[in-house]
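Structure first, then comments.
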Amino acid sequence: MVSTPHRLVVIRHAKAEGHGPTDFERELSARGRADAAAAGAWLAEEAVAADAALVSAATRTRQTWQLVADAAGWSVDATFDRALYGVDEDGLLDLVAMTDESVGTLVVIGHNPTIGMLAQLLDDGEGPTEAVDRLMQGYPTSATAVFDLPATWARIAMGRARLTGFNVGRGATD
C-alpha cells in the first residue's frame, strides 16, 4: 500500500468538429463543449479533485481539459504533451508511471483508441459490476473512468487498478 492514495482519471476528449486545418487542430463541437462540462460536473459530484493533469496537446483535448476543469472546480495547471497525440497504451502507461508520488489524483485526457484501451486494460474487474460492464462496452467521447491504484505510480500495471466510477458526459445543447 502507498502512503498517499493514488487515483487515476482517464478521459477521452469530447466530441470534435469533423474538420479542421489539421486533425491535431480540430476544435470541439457545440455538443462536445456541453459534454465536457457535463463530465466535469459529474467529477465534482463524485468529489474527485485533481492534483495534476496530463493532456494531449491537440486542440480538442486542451479544450476538453479546460471545460472539465472549470465544471469540476479545479485550478490545476495541466501539462500539455504532444506525445499523447499518437502514443499507444503502453507508452501512455509509461508516462503515467513517471508521475511524482506526491500526486494523489492524476487526470489524463487523450484520444481513442489508446485512451479507451488503457482504461479497459487497467481494470482489475473487481469494481462495481455496472461500471465495469459499461467500461467494457466501449469508450465514446467524454467517457470518464476513475481508478484507485493499489501501488505507487511507478508500479502502475495493466489489470492492477480498481474501477470506482464510469460516466459518459452528455450535456444539453441548444
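Scheme for the C-alpha cells: letters A, B, ... for chains in order shown; per-chain residue numbers from 1; ligand numbers from 1 in order shown.
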* Hey, what does DSSP flag as helix (DSSP H, G or I) within chain A? Can you give it to me as a ChimeraX atom specification? -> /A:23-25,30-45,59-72,82-85,89-97,114-122,129-136,153-155
* Name all residues at most 9 Å from A:Arg31 (count only C-alpha atoms; drop same-chain ones fewer than 2 positions away) and give them as number ranges by chain. => A: 14-16, 28-29, 33-36, 170-174
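Reported to one decimal place, the separation of atom CA of A:Gly159 from atom CA of A:Leu122 is 4.5 Å.
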* Residues at most 9 Å from stretch 54-66 of chain A, counting only C-alpha atoms, excluding those fewer than 6 positions away in the same chain, as number ranges by chain? -> A: 12-17, 23-28, 32-33, 35-37, 40, 78-85, 95-96, 106-111, 142
* Would you mind listing what lies within 10 Å of A:Val48 as number ranges by chain, with only C-alpha atoms counted and same-chain residues fewer than 2 positions away left out? => A: 7, 9, 40, 42-46, 50-51, 72-74, 105, 107, 146
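Of note, atom CA of A:Gly91 and atom CA of A:His19 are spaced 27.3 Å apart.
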